[in-house]
Each structure stands twice: as C-alpha cells, then as structure tokens.
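Student: I have a structure I would like to understand better, so I am pasting it below and will then ask my questions one at a time.
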Amino acid sequence: MPENLLFPLQVGLLYGGYGASAYLVVRSARAEGKWWAAAPLLVWLTVLAALTILILGQPMEMRGTLLNSGPGGAP
C-alpha cells in the first residue's frame with residue numbers, strides 16, 4: 001500500500017467508526033426517550049477522536065513520547 005494513502009485511510013476509518021458510534025448512541029438514547037443522555041458519551045467520543053487524530057498526525061518516532069517521564073525514558 002502506498003504510504004501517502006495510509007493516513008487518509010486511517011482518518012477515514014476513524015471518522016467512519018466515530019459516525020457509526022455516534023449514530024448508535026443517539027439512536028439508543030432516543031429509543032429510551034432520553035435523547036439528552038447521549039451528550040456525555042458524544043463528548044467522550046469526540047475527545048477520543050481528536051486525541052487519535054493528534055497521535056496519528058505525529059511522526060512515528062514521536063508517538064508515545066508523552067508517556068516518558070523524563071530523559072531516562074520510561075518511568
């Protein structure tokens with residue numbers, strides 16, 4: 001697979017999963033008659049999708065460096 005197609009494919013799959021998850025959350029909340037109950041989960045899904053895009057946008061060498069505690073590496 002060409003490397004220049006990998007990031008758009010990953011983002012497309014992420015947004016597809018985000019959209020499907022949001023649809024299922026709203027549909028189940030409306031079926032219960034409590035449409036407002038979907039709001040916290042939609043916020044959580046949005047935060048996770050944004051963090052995933054931030055991580056995928058970084059070069060491979062930079063992914064996971066936020067987990068290091070200092071110059072010595074892993075905690």
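Numbering starts fresh at 1 for the residues of each chain in the structure tokens, the chains themselves are lettered A, B, ... in the order given, and ligands are numbered from 1 as they appear.
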Find the residues near Ala20 (chain A): any atom within 12 Å, counting only C-alpha atoms, skip ones fewer than 6 places away on the same chain, and give them as a ChimeraX atom specification.
Tutor: /A:13-14,26-27,42,45
Student: Next, the residues of the selection above should be written as a JSON list (two decimals), in the first residue's frame with N, CA and C atoms.
Tutor:
```
[["chain", "number", "residue", "atom", "x", "y", "z"],
["A", 13, "LEU", "N", -11.29, 5.68, 8.32],
["A", 13, "LEU", "CA", -11.79, 4.62, 9.19],
["A", 13, "LEU", "C", -12.16, 5.15, 10.57],
["A", 14, "LEU", "N", -11.35, 6.08, 11.08],
["A", 14, "LEU", "CA", -11.64, 6.67, 12.38],
["A", 14, "LEU", "C", -12.96, 7.44, 12.35],
["A", 26, "VAL", "N", -27.00, 7.89, 19.78],
["A", 26, "VAL", "CA", -28.17, 8.76, 19.69],
["A", 26, "VAL", "C", -29.43, 7.93, 19.45],
["A", 27, "ARG", "N", -29.33, 6.91, 18.60],
["A", 27, "ARG", "CA", -30.50, 6.08, 18.31],
["A", 27, "ARG", "C", -30.97, 5.34, 19.56],
["A", 42, "LEU", "N", -21.22, 11.35, 23.66],
["A", 42, "LEU", "CA", -20.80, 12.04, 22.44],
["A", 42, "LEU", "C", -19.59, 12.94, 22.69],
["A", 45, "LEU", "N", -16.62, 10.55, 22.94],
["A", 45, "LEU", "CA", -16.24, 10.07, 21.61],
["A", 45, "LEU", "C", -15.47, 11.16, 20.84]]
```
Student: Based on DSSP run over this structure's backbone, return all residues of chain A in helix (DSSP H, G or I), as a ChimeraX atom specification.
Tutor: /A:3-31,35-56,65-67
Student: Tell me which protein, DNA and RNA residues are within 12 Å of Gln10 (chain A), counting only C-alpha atoms, leaving out same-chain ones fewer than 3 positions away, and put them as a PyMOL selection string.
Tutor: chain A and resi 3-7+13-17+49+52-53+55-57
Student: Next, the residues of the selection above should be written as a compact mmCIF listing (two decimals), in the first residue's frame with N, CA, C and O atoms.
Tutor:
```
# COMPACT_ATOMS: atom_id res chain seq x y z
N GLU A 3 2.42 4.67 0.87
CA GLU A 3 2.47 5.34 2.18
C GLU A 3 1.62 6.61 2.22
O GLU A 3 1.06 6.94 3.26
N ASN A 4 1.50 7.31 1.10
CA ASN A 4 0.74 8.56 1.10
C ASN A 4 -0.77 8.33 1.18
O ASN A 4 -1.53 9.27 1.38
N LEU A 5 -1.23 7.09 1.05
CA LEU A 5 -2.65 6.79 1.20
C LEU A 5 -2.99 6.28 2.60
O LEU A 5 -4.17 6.17 2.95
N LEU A 6 -1.98 5.97 3.38
CA LEU A 6 -2.22 5.35 4.67
C LEU A 6 -2.91 6.30 5.67
O LEU A 6 -3.88 5.91 6.31
N PHE A 7 -2.43 7.53 5.78
CA PHE A 7 -3.03 8.47 6.73
C PHE A 7 -4.49 8.79 6.38
O PHE A 7 -5.35 8.73 7.26
N LEU A 13 -11.29 5.68 8.32
CA LEU A 13 -11.79 4.62 9.19
C LEU A 13 -12.16 5.15 10.57
O LEU A 13 -13.16 4.74 11.16
N LEU A 14 -11.35 6.08 11.08
CA LEU A 14 -11.64 6.67 12.38
C LEU A 14 -12.96 7.44 12.35
O LEU A 14 -13.81 7.27 13.22
N TYR A 15 -13.14 8.27 11.31
CA TYR A 15 -14.38 9.04 11.21
C TYR A 15 -15.58 8.14 10.94
O TYR A 15 -16.69 8.43 11.39
N GLY A 16 -15.36 7.07 10.21
CA GLY A 16 -16.45 6.11 9.98
C GLY A 16 -16.89 5.46 11.29
O GLY A 16 -18.09 5.33 11.56
N GLY A 17 -15.94 5.05 12.09
CA GLY A 17 -16.26 4.47 13.39
C GLY A 17 -16.88 5.48 14.33
O GLY A 17 -17.81 5.17 15.09
N ALA A 49 -11.63 10.86 19.55
CA ALA A 49 -11.33 11.01 18.12
C ALA A 49 -10.29 12.11 17.90
O ALA A 49 -9.38 11.96 17.08
N THR A 52 -6.90 10.85 18.93
CA THR A 52 -6.40 9.88 17.95
C THR A 52 -5.84 10.59 16.73
O THR A 52 -4.79 10.22 16.22
N ILE A 53 -6.52 11.64 16.27
CA ILE A 53 -6.03 12.40 15.12
C ILE A 53 -4.71 13.08 15.47
O ILE A 53 -3.78 13.12 14.66
N ILE A 55 -2.44 12.01 17.60
CA ILE A 55 -1.40 10.99 17.65
C ILE A 55 -1.05 10.51 16.24
O ILE A 55 0.12 10.35 15.90
N LEU A 56 -2.07 10.28 15.40
CA LEU A 56 -1.79 9.83 14.04
C LEU A 56 -1.08 10.88 13.21
O LEU A 56 -0.35 10.55 12.27
N GLY A 57 -1.26 12.14 13.53
CA GLY A 57 -0.61 13.22 12.80
C GLY A 57 0.85 13.39 13.12
O GLY A 57 1.57 14.09 12.41
```
Student: Which residue is closest to Val25 (chain A)? Choose from A:Pro40, A:Pro2, A:Pro59, A:Pro8 and count only C-alpha atoms.
Tutor: A:Pro40
Student: What does the distance between CA of Ala29 (chain A) and CA of Thr46 (chain A) come to in Å, to one decimal place?
Tutor: 17.2 Å
Student: Take CA of Ser21 (chain A) and CA of Gln58 (chain A) and report the distance between them in Å, one decimal.
Tutor: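 Computing it gives 24.9 Å between the two atoms.
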Student: Have a look at A:Tyr18, A:Met60, A:Met1, A:Gly12 and name the one nearest to Trp44 (chain A); count only C-alpha atoms.
Tutor: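 Residue with the minimum atom-to-atom distance to Trp44 (chain A): A:Tyr18.
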Student: Can you work out the spacing between CA of Val11 (chain A) and CA of Val47 (chain A) in Å, to one decimal?
Tutor: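 Taking CA of Val11 (chain A) and CA of Val47 (chain A), their separation equals 14.8 Å.
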